[in-house]
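For reference, structure-v2.txt (compact mmCIF, C-alpha atoms):
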# COMPACT_ATOMS: atom_id res chain seq x y z
CA MET A 1195 271.62 0.29 50.90
CA PRO A 1196 272.53 -2.45 48.43
CA SER A 1197 274.84 -5.14 49.74
CA ARG A 1198 278.46 -4.84 48.67
CA GLN A 1199 279.64 -7.42 46.14
CA GLU A 1200 282.92 -9.07 47.20
CA ALA A 1201 283.45 -11.25 44.11
CA GLY A 1202 285.32 -9.80 41.14
CA PHE A 1203 283.45 -8.45 38.12
CA ASP A 1204 284.22 -6.89 34.74
CA VAL A 1205 283.86 -3.26 33.67
CA ALA A 1206 284.41 -1.49 30.35
CA VAL A 1207 285.30 1.96 29.02
CA VAL A 1208 284.31 2.82 25.45
CA GLN A 1209 286.70 4.68 23.15
CA ASP A 1210 285.05 5.80 19.94
CA ALA A 1211 283.77 8.89 18.12
CA SER A 1212 280.33 10.41 18.43
CA VAL A 1213 278.17 10.96 15.43
CA VAL A 1214 279.18 14.59 15.79
CA LEU A 1215 276.33 17.13 16.12
CA ASP A 1216 273.79 14.33 15.63
CA ARG A 1217 271.89 13.44 18.80
CA GLU A 1218 269.93 10.54 17.32
CA GLY A 1219 272.96 9.02 15.61
CA SER A 1220 275.09 9.37 18.75
CA LEU A 1221 272.35 7.84 20.90
CA GLU A 1222 271.99 4.83 18.62
CA LYS A 1223 275.76 4.35 18.60
CA THR A 1224 275.88 4.58 22.40
CA ILE A 1225 273.29 1.85 22.83
CA ALA A 1226 274.97 -0.40 20.25
CA LEU A 1227 278.38 -0.05 21.91
CA ALA A 1228 276.85 -0.58 25.36
CA ARG A 1229 275.29 -3.80 24.08
CA GLU A 1230 278.69 -4.91 22.75
CA ALA A 1231 280.39 -4.20 26.08
CA ALA A 1232 277.66 -5.95 28.07
CA GLY A 1233 277.97 -8.94 25.73
CA ALA A 1234 281.64 -9.16 26.75
CA GLY A 1235 280.54 -9.43 30.39
CA ALA A 1236 280.86 -5.83 31.60
CA ARG A 1237 278.68 -4.91 34.59
CA LEU A 1238 279.56 -1.21 34.33
CA VAL A 1239 280.11 0.63 31.03
CA LEU A 1240 281.52 4.16 30.82
CA PHE A 1241 281.37 6.45 27.76
CA PRO A 1242 283.50 9.57 27.15
CA GLU A 1243 282.77 13.19 28.00
CA ALA A 1244 280.04 14.81 25.85
CA PHE A 1245 279.55 11.64 23.78
CA ILE A 1246 275.99 12.67 22.89
CA PRO A 1247 276.06 14.64 20.56
CA GLY A 1248 279.84 15.17 20.65
CA TYR A 1249 282.74 17.21 21.94
CA PRO A 1250 283.17 19.97 19.30
CA ARG A 1251 286.96 19.93 19.30
CA GLY A 1252 288.59 22.45 16.99
CA LEU A 1253 285.53 24.69 16.51
CA SER A 1254 285.51 28.29 17.74
CA PHE A 1255 281.77 28.98 17.26
CA GLY A 1256 282.82 32.28 15.69
CA ALA A 1257 283.71 33.82 19.03
CA ILE A 1258 286.61 36.13 19.77
CA VAL A 1259 286.88 38.70 22.53
CA GLY A 1260 284.30 41.38 21.77
CA SER A 1261 282.70 39.68 18.77
CA ARG A 1262 280.49 36.73 17.73
CA SER A 1263 279.77 35.74 14.14
CA THR A 1264 276.44 34.87 12.54
CA GLU A 1265 277.82 31.51 11.43
CA GLY A 1266 279.00 30.79 14.99
CA ARG A 1267 275.57 31.54 16.43
CA ALA A 1268 273.99 29.17 13.91
CA LEU A 1269 276.47 26.44 14.90
CA PHE A 1270 275.63 26.93 18.58
CA ARG A 1271 271.92 26.65 17.75
CA ARG A 1272 272.59 23.37 15.93
CA TYR A 1273 274.58 22.10 18.91
CA ALA A 1274 271.81 23.09 21.32
CA GLU A 1275 269.08 21.52 19.20
CA ASN A 1276 270.98 18.22 19.30
CA ALA A 1277 271.59 18.34 23.05
CA VAL A 1278 269.77 16.17 25.59
CA VAL A 1279 267.05 17.31 27.99
CA VAL A 1280 267.09 15.50 31.34
CA PRO A 1281 264.67 13.83 31.82
CA GLY A 1282 263.48 13.37 28.28
CA PRO A 1283 263.08 10.88 25.43
CA GLU A 1284 266.83 10.26 25.16
CA THR A 1285 267.26 9.50 28.85
CA GLU A 1286 264.27 7.15 28.64
CA ARG A 1287 266.03 5.21 25.87
CA LEU A 1288 269.30 5.08 27.80
CA SER A 1289 267.37 3.93 30.86
CA ALA A 1290 265.66 1.19 28.86
CA ALA A 1291 269.02 0.05 27.44
CA ALA A 1292 270.59 -0.18 30.91
CA ALA A 1293 267.62 -2.21 32.16
CA GLU A 1294 267.59 -4.48 29.11
CA LEU A 1295 271.32 -5.18 29.44
CA GLY A 1296 271.30 -5.32 33.24
CA ILE A 1297 274.28 -2.95 33.53
CA HIS A 1298 275.32 0.26 35.21
CA LEU A 1299 275.57 2.69 32.29
CA ALA A 1300 277.49 5.99 32.55
CA VAL A 1301 277.26 8.35 29.58
CA GLY A 1302 278.67 11.83 28.97
CA VAL A 1303 276.02 14.04 27.35
CA VAL A 1304 275.60 17.68 26.42
CA GLU A 1305 272.53 18.66 28.38
CA ARG A 1306 270.18 21.49 27.38
CA ASP A 1307 268.42 23.50 30.06
CA ALA A 1308 264.76 22.56 29.78
CA VAL A 1309 263.55 26.07 30.57
CA THR A 1310 265.79 28.54 28.77
CA ALA A 1311 267.03 26.27 25.90
CA GLY A 1312 270.01 28.61 25.62
CA THR A 1313 272.26 27.12 28.30
CA LEU A 1314 274.08 23.84 27.83
CA TYR A 1315 275.88 21.71 30.40
CA CYS A 1316 278.51 19.01 30.10
CA THR A 1317 276.84 16.26 32.11
CA LEU A 1318 277.61 12.74 33.31
CA LEU A 1319 274.54 10.51 33.66
CA LEU A 1320 274.63 7.26 35.63
CA PHE A 1321 271.87 4.65 35.17
CA GLY A 1322 271.39 1.54 37.28
CA PRO A 1323 270.68 -1.98 36.01
CA ASP A 1324 266.99 -1.42 36.73
CA GLY A 1325 267.01 1.65 34.49
CA ALA A 1326 266.87 4.20 37.31
CA LEU A 1327 268.77 7.45 36.81
CA LEU A 1328 271.10 7.26 39.82
CA ASN A 1329 273.00 10.52 39.36
CA GLN A 1330 273.19 13.57 37.12
CA HIS A 1331 276.45 15.49 37.50
CA ARG A 1332 277.00 18.73 35.60
CA LYS A 1333 280.61 19.76 35.05
CA LEU A 1334 281.45 22.35 37.69
CA LYS A 1335 283.91 24.41 35.68
CA PRO A 1336 284.15 24.22 31.87
CA THR A 1337 287.74 24.65 30.70
CA ALA A 1338 288.94 27.60 28.62
CA SER A 1339 286.84 27.95 25.43
CA GLU A 1340 284.36 25.38 26.70
CA ARG A 1341 282.94 28.30 28.71
CA LEU A 1342 281.61 29.75 25.45
CA ILE A 1343 279.23 26.83 25.01
CA TRP A 1344 278.69 25.28 28.47
CA GLY A 1345 277.37 26.71 31.72
CA GLU A 1346 278.67 25.86 35.19
CA GLY A 1347 277.16 22.99 37.13
CA ASP A 1348 276.16 22.89 40.79
CA GLY A 1349 276.90 20.63 43.73
CA SER A 1350 273.81 18.46 43.52
CA GLY A 1351 275.58 15.74 41.50
CA LEU A 1352 278.80 15.87 43.50
CA ARG A 1353 278.07 12.57 45.22
CA THR A 1354 278.58 8.84 45.09
CA VAL A 1355 275.90 6.20 44.72
CA PRO A 1356 275.96 2.95 46.73
CA THR A 1357 275.44 -0.06 44.45
CA GLU A 1358 276.01 -3.79 44.54
CA LEU A 1359 279.31 -3.13 42.73
CA GLY A 1360 280.47 -0.61 45.32
CA SER A 1361 280.16 3.14 45.66
CA ILE A 1362 280.17 4.83 42.22
CA GLY A 1363 280.79 8.50 41.46
CA GLY A 1364 282.78 10.64 39.10
CA LEU A 1365 284.07 13.93 37.76
CA ILE A 1366 284.47 15.15 34.19
CA CYS A 1367 287.83 15.88 32.55
CA TRP A 1368 289.75 18.69 34.26
CA GLU A 1369 287.42 18.71 37.27
CA ASN A 1370 289.61 15.78 38.24
CA MET A 1371 292.50 18.20 38.74
CA MET A 1372 290.47 20.19 41.30
CA PRO A 1373 291.48 18.82 44.74
CA LEU A 1374 288.29 19.73 46.60
CA PRO A 1375 285.77 17.95 44.32
CA ARG A 1376 287.98 14.86 44.50
CA MET A 1377 287.99 15.06 48.28
CA ALA A 1378 284.19 15.40 48.27
CA LEU A 1379 284.01 12.01 46.53
CA TYR A 1380 286.67 10.42 48.73
CA GLN A 1381 284.73 11.48 51.82
CA GLN A 1382 281.80 9.41 50.56
CA GLY A 1383 283.89 6.23 50.35
CA ILE A 1384 284.13 6.01 46.56
CA ASP A 1385 285.17 2.62 45.13
CA LEU A 1386 284.62 3.08 41.38
CA TYR A 1387 285.73 6.52 40.26
CA LEU A 1388 284.51 7.56 36.78
CA ALA A 1389 286.66 10.05 34.86
CA PRO A 1390 285.30 10.62 31.33
CA THR A 1391 287.50 13.09 29.49
CA ALA A 1392 288.50 14.81 26.27
CA ASP A 1393 292.18 15.07 27.28
CA ALA A 1394 294.35 12.85 25.08
CA ARG A 1395 297.73 14.02 26.37
CA GLU A 1396 300.20 11.69 28.03
CA SER A 1397 299.98 13.85 31.16
CA TRP A 1398 296.34 12.83 31.63
CA GLN A 1399 297.58 9.36 32.48
CA ALA A 1400 299.47 10.85 35.43
CA THR A 1401 296.22 12.46 36.61
CA ILE A 1402 294.15 9.28 36.66
CA ARG A 1403 296.97 7.23 38.17
CA HIS A 1404 297.41 9.81 40.93
CA ILE A 1405 293.67 9.78 41.68
CA ALA A 1406 293.75 5.98 42.00
CA LEU A 1407 296.70 6.24 44.39
CA GLU A 1408 295.19 9.13 46.34
CA GLY A 1409 291.69 7.70 46.68
CA ARG A 1410 292.79 4.05 46.80
CA CYS A 1411 290.00 3.33 44.36
CA TYR A 1412 289.54 2.02 40.82
CA VAL A 1413 289.57 4.78 38.20
CA LEU A 1414 287.82 4.33 34.84
CA SER A 1415 288.73 6.92 32.20
CA ALA A 1416 287.02 7.01 28.78
CA ASN A 1417 288.06 9.27 25.92
CA GLN A 1418 287.06 9.54 22.28
CA PHE A 1419 289.09 8.56 19.24
CA VAL A 1420 288.10 11.20 16.67
CA THR A 1421 289.28 12.00 13.15
CA LYS A 1422 288.29 14.82 10.81
CA ALA A 1423 286.20 12.34 8.85
CA ASP A 1424 283.88 12.00 11.87
CA TYR A 1425 282.67 15.60 11.45
CA PRO A 1426 279.64 16.43 9.28
CA ALA A 1427 280.42 17.65 5.78
CA ASP A 1428 277.89 20.52 5.89
CA LEU A 1429 279.69 22.71 8.44
CA GLY A 1430 280.06 26.40 7.63
CA LYS A 1431 283.08 27.72 5.78
CA ALA A 1432 284.77 29.14 8.89
CA SER A 1433 284.42 25.82 10.73
CA GLN A 1434 285.77 23.94 7.73
CA ARG A 1435 288.84 26.20 7.71
CA GLU A 1436 289.36 25.59 11.41
CA LEU A 1437 289.22 21.83 10.94
CA ALA A 1438 291.59 22.01 7.97
CA ASP A 1439 294.21 23.59 10.24
CA ALA A 1440 293.71 20.99 13.01
CA PRO A 1441 295.80 17.80 13.40
CA ASP A 1442 294.36 14.44 12.39
CA PRO A 1443 293.36 12.51 14.42
CA LEU A 1444 291.78 15.25 16.46
CA CYS A 1445 291.80 13.06 19.58
CA ARG A 1446 294.05 10.01 20.10
CA GLY A 1447 292.13 8.45 23.00
CA GLY A 1448 294.07 7.06 25.94
CA SER A 1449 291.16 5.31 27.67
CA ALA A 1450 292.25 3.18 30.61
CA ILE A 1451 291.29 1.42 33.82
CA VAL A 1452 293.61 1.95 36.81
CA GLY A 1453 293.74 -0.06 40.03
CA PRO A 1454 293.84 1.33 43.59
CA LEU A 1455 297.66 1.21 43.73
CA GLY A 1456 298.01 3.24 40.54
CA ASP A 1457 298.78 0.34 38.21
CA TYR A 1458 296.99 -0.20 34.91
CA VAL A 1459 294.33 -2.88 34.92
CA ALA A 1460 293.71 -2.31 31.20
CA GLY A 1461 294.87 0.18 28.60
CA PRO A 1462 295.67 2.85 27.80
CA LEU A 1463 294.36 2.48 24.25
CA TRP A 1464 295.79 4.88 21.66
CA ASP A 1465 295.03 5.82 18.05
CA GLU A 1466 292.08 3.52 17.48
CA ALA A 1467 288.50 2.94 18.49
CA GLY A 1468 287.79 0.08 20.86
CA ILE A 1469 286.35 -1.12 24.14
CA VAL A 1470 288.78 -1.44 27.06
CA CYS A 1471 287.72 -4.12 29.54
CA GLY A 1472 289.15 -4.85 32.96
CA ARG A 1473 288.39 -6.85 36.08
CA ILE A 1474 287.57 -5.25 39.41
CA GLU A 1475 288.57 -7.01 42.63
CA PRO A 1476 286.75 -5.21 45.47
CA GLY A 1477 289.16 -6.51 48.11
CA ALA A 1478 292.04 -4.73 46.37
CA ALA A 1479 290.81 -1.34 47.57
CA VAL A 1480 290.80 -2.51 51.19
CA GLU A 1481 294.33 -3.87 50.80
CA ALA A 1482 295.48 -0.58 49.24
CA ARG A 1483 294.06 1.42 52.16
CA PHE A 1484 296.12 -0.58 54.63
CA ASP A 1485 298.88 2.04 54.52
CA PHE A 1486 297.02 5.06 53.11
CA ASP A 1487 293.35 5.90 53.66
CA VAL A 1488 292.81 9.50 52.60
CA VAL A 1489 289.67 9.99 54.70
CA GLY A 1490 290.53 7.43 57.38
CA HIS A 1491 293.73 6.93 59.33
CA TYR A 1492 295.71 9.19 56.95
CA SER A 1493 293.43 12.20 57.47
CA ARG A 1494 293.57 14.96 60.07
CA PRO A 1495 289.97 16.01 60.71
CA ASP A 1496 291.16 17.98 63.72
CA LEU A 1497 293.02 20.29 61.31
CA PHE A 1498 291.04 20.19 58.06
CA HIS A 1499 287.46 19.87 56.95
CA LEU A 1500 285.57 20.28 53.67
CA GLY A 1501 282.12 21.78 53.21
CA VAL A 1502 280.08 21.25 50.04
CA ASN A 1503 277.09 23.34 48.98
CA PRO A 1504 274.68 20.92 47.27
CA THR A 1505 272.34 23.71 46.11
CA VAL A 1506 270.59 22.86 42.86
CA GLY A 1507 270.81 25.40 40.05
CA SER A 1508 271.73 28.52 42.01
CA ALA A 1509 273.50 29.67 45.13
CA PHE A 1510 270.58 31.99 45.90
CA PRO A 1511 268.03 30.77 48.48
CA THR A 1512 264.55 29.67 47.42
CA TRP A 1513 261.42 31.38 48.73
CA ASP A 1514 260.81 28.41 51.03
CA GLU A 1515 264.29 28.87 52.50
CA ILE A 1516 263.73 32.62 52.91
CA GLU A 1517 260.39 32.04 54.67
CA ALA A 1518 261.95 29.40 56.94
CA LEU A 1519 264.68 31.84 57.92
CA ASP A 1520 262.06 34.54 58.49
CA ASP A 1521 260.12 32.22 60.81
CA PHE A 1522 263.33 31.29 62.60
CA ILE A 1523 264.25 34.91 63.31
CA PHE A 1524 260.84 36.52 63.82
CA GLY A 1525 258.43 33.65 64.49
CA GLY A 1526 258.80 33.17 68.27
CA PRO A 1527 256.89 34.68 71.17
CA GLY A 1528 259.11 37.79 71.49
CA PRO A 1529 259.69 40.44 68.85
CA PHE A 1530 263.06 38.91 67.94
CA PRO A 1531 263.18 35.40 69.48
CA PHE A 1532 266.38 34.33 67.73
CA LEU A 1533 268.24 37.47 68.76
CA ASP A 1534 266.79 37.24 72.28
CA ALA A 1535 268.09 33.67 72.56
CA LEU A 1536 271.53 34.72 71.38
CA ALA A 1537 271.64 37.64 73.80
CA ASN A 1538 271.09 35.26 76.72
CA ALA A 1539 273.45 32.59 75.45
CA PRO A 1540 276.87 32.12 77.10
CA GLY A 1541 279.99 32.60 75.06
CA PRO A 1542 282.36 35.25 73.78
CA PHE A 1543 280.01 36.98 71.37
CA PHE A 1544 276.70 37.21 73.23
CA GLY A 1545 275.68 37.46 76.85
CA PRO A 1546 277.99 38.30 79.74
CA PRO A 1547 281.67 37.97 78.84
CA ASP A 1548 283.53 35.01 80.26
CA ASP A 1549 287.32 35.16 80.13
CA GLU A 1550 287.79 31.44 79.55
CA ASP A 1551 285.28 31.47 76.68
CA LEU A 1552 286.92 34.36 74.82
CA ASP A 1553 288.30 33.57 71.40
CA PRO A 1554 291.96 34.68 71.38
CA PHE A 1555 291.64 35.77 67.74
CA PHE A 1556 288.65 38.05 68.40
CA PRO A 1557 289.02 39.12 72.05
CA THR A 1558 287.10 42.39 71.66
CA PHE A 1559 284.35 41.50 69.16
CA PRO A 1560 281.70 42.80 69.40
CA ALA A 1561 282.87 45.80 71.39
CA GLN A 1562 279.40 47.18 72.27
CA TRP A 1563 275.73 46.76 71.61
CA SER A 1564 273.71 49.97 71.50
CA GLU A 1565 269.95 50.36 71.20
CA LYS A 1566 270.29 54.09 70.53
CA LYS A 1567 268.63 55.01 67.24
CA PRO A 1568 270.75 57.01 64.80
CA ASP A 1569 269.76 60.63 64.17
CA TRP A 1570 269.08 60.96 60.44
CA SER A 1571 267.87 64.59 60.60
CA PRO A 1572 269.84 66.98 58.40
CA ALA A 1573 272.69 68.76 60.10
CA LYS A 1574 272.19 72.43 60.91
CA PRO A 1575 274.31 74.77 58.83
CA ALA A 1576 277.34 76.10 60.67
CA LYS A 1577 277.28 79.77 61.66
CA ARG A 1578 279.65 82.01 59.81
CA ARG A 1579 282.14 83.89 61.89
CA ARG A 1580 282.32 87.60 61.25
CA ARG A 1581 285.61 89.14 60.41
CA LYS A 1582 286.68 91.87 62.72
Take the structure I supplied and represent it as structure tokens, if you would.
Amino acid sequence: MPSRQEAGFDVAVVQDASVVLDREGSLEKTIALAREAAGAGARLVLFPEAFIPGYPRGLSFGAIVGSRSTEGRALFRRYAENAVVVPGPETERLSAAAAELGIHLAVGVVERDAVTAGTLYCTLLLFGPDGALLNQHRKLKPTASERLIWGEGDGSGLRTVPTELGSIGGLICWENMMPLPRMALYQQGIDLYLAPTADARESWQATIRHIALEGRCYVLSANQFVTKADYPADLGKASQRELADAPDPLCRGGSAIVGPLGDYVAGPLWDEAGIVCGRIEPGAAVEARFDFDVVGHYSRPDLFHLGVNPTVGSAFPTWDEIEALDDFIFGGPGPFPFLDALANAPGPFFGPPDDEDLDPFFPTFPAQWSEKKPDWSPAKPAKRRRRK
């Protein structure tokens, strides 16, 4: 594990617009802005949610309940064709940029499933200063109409990464209002909490400040500043009408860096593009946990615990897992070694009952165990009684 850095260092969150629906343009802009932030001394640079190739705010993709339009399907295809495959050429360029600049680089991308090409994910990528891809977190639950265009992520990226700057992890936008994913990161000792977003409301500031107070960690939140002029001029007629009815700017920003006692280190920045820089003092998190440590002295592990399923891609078991379970149940010397072992084990559910082992909530479970085979033969028809 990398040694923890105790000296202070600078970080940056980028607030700007994507080159909307243009993967190459957004990628080039990302690298240029990362270079600018690194030139200002930032050791960690965070970009907003879905920065490559953009958060399609204001567009319906022609979908209403029970109907999808031809124009909307074409727009989704364009969005998918400009999404990022991980790993792929775009991640290689982001990796090279992080290594060239010697920074930790966190970028929100729209990721395309490499197999089906028809499922997209809102993903946060974290690269190390050597160019290694340290984490790939797919948004667990897209919000409202985002579910039309993005699939649900899994638990494989719900983790923190130990680095020389401290433990880094993050959640995307409204995932940060889900208590259990936050707790999953707190349990891993997070120091630098990344919160890229598309939420430009004042209330979002309360969310990131609460997380800083709750986790006693630094919170970095990056949002876009987007106007109608940032959208391509060749959108379909329905999309153009939707944008005409939208406010301008479409997204005001609000990017900020918050310290472990909930105070602003830098920002929030409103109504303009820019790079928000702030200084991290690692000792501040230890000081803040003096009176509140959410997974330390202020926790009650005797009352509460959290389990996380880190399964990649699907909750269904793989064939290897199925075969391992098969070997576990049927692979011993007896016909059913696992069940035999349970039958001979002490405790309330198997083996001879023991009053002091009985669970008070299930004192009679299981009631019996019978080896009698059920009779599946058809029932004989009942005899009719004669009337006298």
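Interatomic distance, CA of Gln1330 (chain A) to CA of Ser1350 (chain A): 8.1 Å.
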Pick from A:Arg1341, A:His1499, A:Arg1410, A:Arg1306, whichever lies nearest to Gly1282 (chain A) using only C-alpha atoms: A:Arg1306
Taking a cut-off of 12 Å and counting all atoms listed in the file, can you build a table that, for each residue of region 1262-1320 of chain A near region 1241-1246 of chain A, reports the nearest atom pair and how far apart they are in Å (one decimal), sorted by chain then residue number, as a Markdown table?
| residue | atom | partner | partner_atom | distance |
| --- | --- | --- | --- | --- |
| A:Tyr1273 | CA | A:Ile1246 | CA | 10.3 |
| A:Ala1274 | CA | A:Ile1246 | CA | 11.3 |
| A:Glu1275 | CA | A:Ile1246 | CA | 11.8 |
| A:Asn1276 | CA | A:Ile1246 | CA | 8.3 |
| A:Ala1277 | CA | A:Ile1246 | CA | 7.2 |
| A:Val1278 | CA | A:Ile1246 | CA | 7.6 |
| A:Val1279 | CA | A:Ile1246 | CA | 11.3 |
| A:Glu1284 | CA | A:Ile1246 | CA | 9.7 |
| A:Thr1285 | CA | A:Ile1246 | CA | 11.0 |
| A:Leu1288 | CA | A:Ile1246 | CA | 11.2 |
| A:His1298 | CA | A:Phe1241 | CA | 11.4 |
| A:Leu1299 | CA | A:Phe1241 | CA | 8.3 |
| A:Ala1300 | CA | A:Phe1241 | CA | 6.2 |
| A:Val1301 | CA | A:Phe1241 | CA | 4.9 |
| A:Gly1302 | CA | A:Glu1243 | CA | 4.4 |
| A:Val1303 | CA | A:Ala1244 | CA | 4.4 |
| A:Val1304 | CA | A:Ala1244 | CA | 5.3 |
| A:Glu1305 | CA | A:Ala1244 | CA | 8.8 |
| A:Arg1306 | CA | A:Ile1246 | CA | 11.5 |
| A:Leu1314 | CA | A:Ala1244 | CA | 11.0 |
| A:Tyr1315 | CA | A:Ala1244 | CA | 9.3 |
| A:Cys1316 | CA | A:Ala1244 | CA | 6.2 |
| A:Thr1317 | CA | A:Ala1244 | CA | 7.2 |
| A:Leu1318 | CA | A:Glu1243 | CA | 7.4 |
| A:Leu1319 | CA | A:Phe1241 | CA | 9.9 |
| A:Leu1320 | CA | A:Phe1241 | CA | 10.4 |
Residues of region 1377-1439 of chain A that have any atom at most 6 Å from an atom of region 1456-1479 of chain A: could you tabulate them with the shortest-distance atom pair and the distance in Å to one decimal, using only C-alpha atoms, ordered by chain and increasing number, as JSON lines?
{"residue": "A:Arg1403", "atom": "CA", "partner": "A:Gly1456", "partner_atom": "CA", "distance": 4.8}
{"residue": "A:Ala1406", "atom": "CA", "partner": "A:Gly1456", "partner_atom": "CA", "distance": 5.3}
{"residue": "A:Leu1407", "atom": "CA", "partner": "A:Gly1456", "partner_atom": "CA", "distance": 5.1}
{"residue": "A:Arg1410", "atom": "CA", "partner": "A:Ala1479", "partner_atom": "CA", "distance": 5.8}
{"residue": "A:Cys1411", "atom": "CA", "partner": "A:Ala1479", "partner_atom": "CA", "distance": 5.7}
{"residue": "A:Phe1419", "atom": "CA", "partner": "A:Ala1467", "partner_atom": "CA", "distance": 5.7}
Which one of A:Gly1409, A:Gly1383, A:Gly1447, A:Gly1260 sits closest to Pro1356 (chain A) if you count all atoms listed in the file? A:Gly1383
Residue with the minimum atom-to-atom distance to Met1371 (chain A), picked from A:Ala1226, A:Ala1311, A:Ile1405, A:Leu1240 with only C-alpha atoms counted, is A:Ile1405
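Interatomic distance, CA of Leu1221 (chain A) against CA of Thr1391 (chain A): 18.2 Å.
Nearest-residue note for Pro1390 (chain A): choosing from A:Ala1482, A:Cys1367, A:Ile1362, A:Val1213, the minimum distance belongs to A:Cys1367, counting all atoms listed in the file.
Between CA of Arg1229 (chain A) and CA of Val1208 (chain A) lies a distance of 11.3 Å.
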Quick one: everything within 6 Å of region 1413-1415 of chain A, counting all atoms listed in the file, minus sequence neighbours fewer than 4 positions away in the same chain. Send it as an MDAnalysis selection string. chainID A and resid 1387:1390 1406 1449:1452
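Closest to Gly1219 (chain A) among A:Glu1294, A:Asp1487, A:Asp1439, A:Asp1424 is A:Asp1424, based on all atoms listed in the file.
With distances restricted to all atoms listed in the file, A:Val1488 is the closest residue to Ala1378 (chain A) from A:Val1488, A:Ile1225, A:Phe1270, A:Gly1202.
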Would you pick out the contacts of Glu1369 (chain A) at 10 Å or less, using all atoms listed in the file, so that residues sharing its chain but fewer than 3 positions from it are not included, and give the list as a list in words?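 My reading of the contact set: Lys1333, Leu1334, Lys1335, Pro1336, Thr1337, Gly1364, Leu1365, Ile1366, Met1372, Pro1373, Leu1374, Pro1375, Arg1376, Ala1389 and Thr1391 of chain A.
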Exercise: Thr1421 (chain A) partners within 9 Å, all atoms listed in the file, chain neighbours under 6 positions left out, as a ChimeraX atom specification: /A:1211,1441-1446
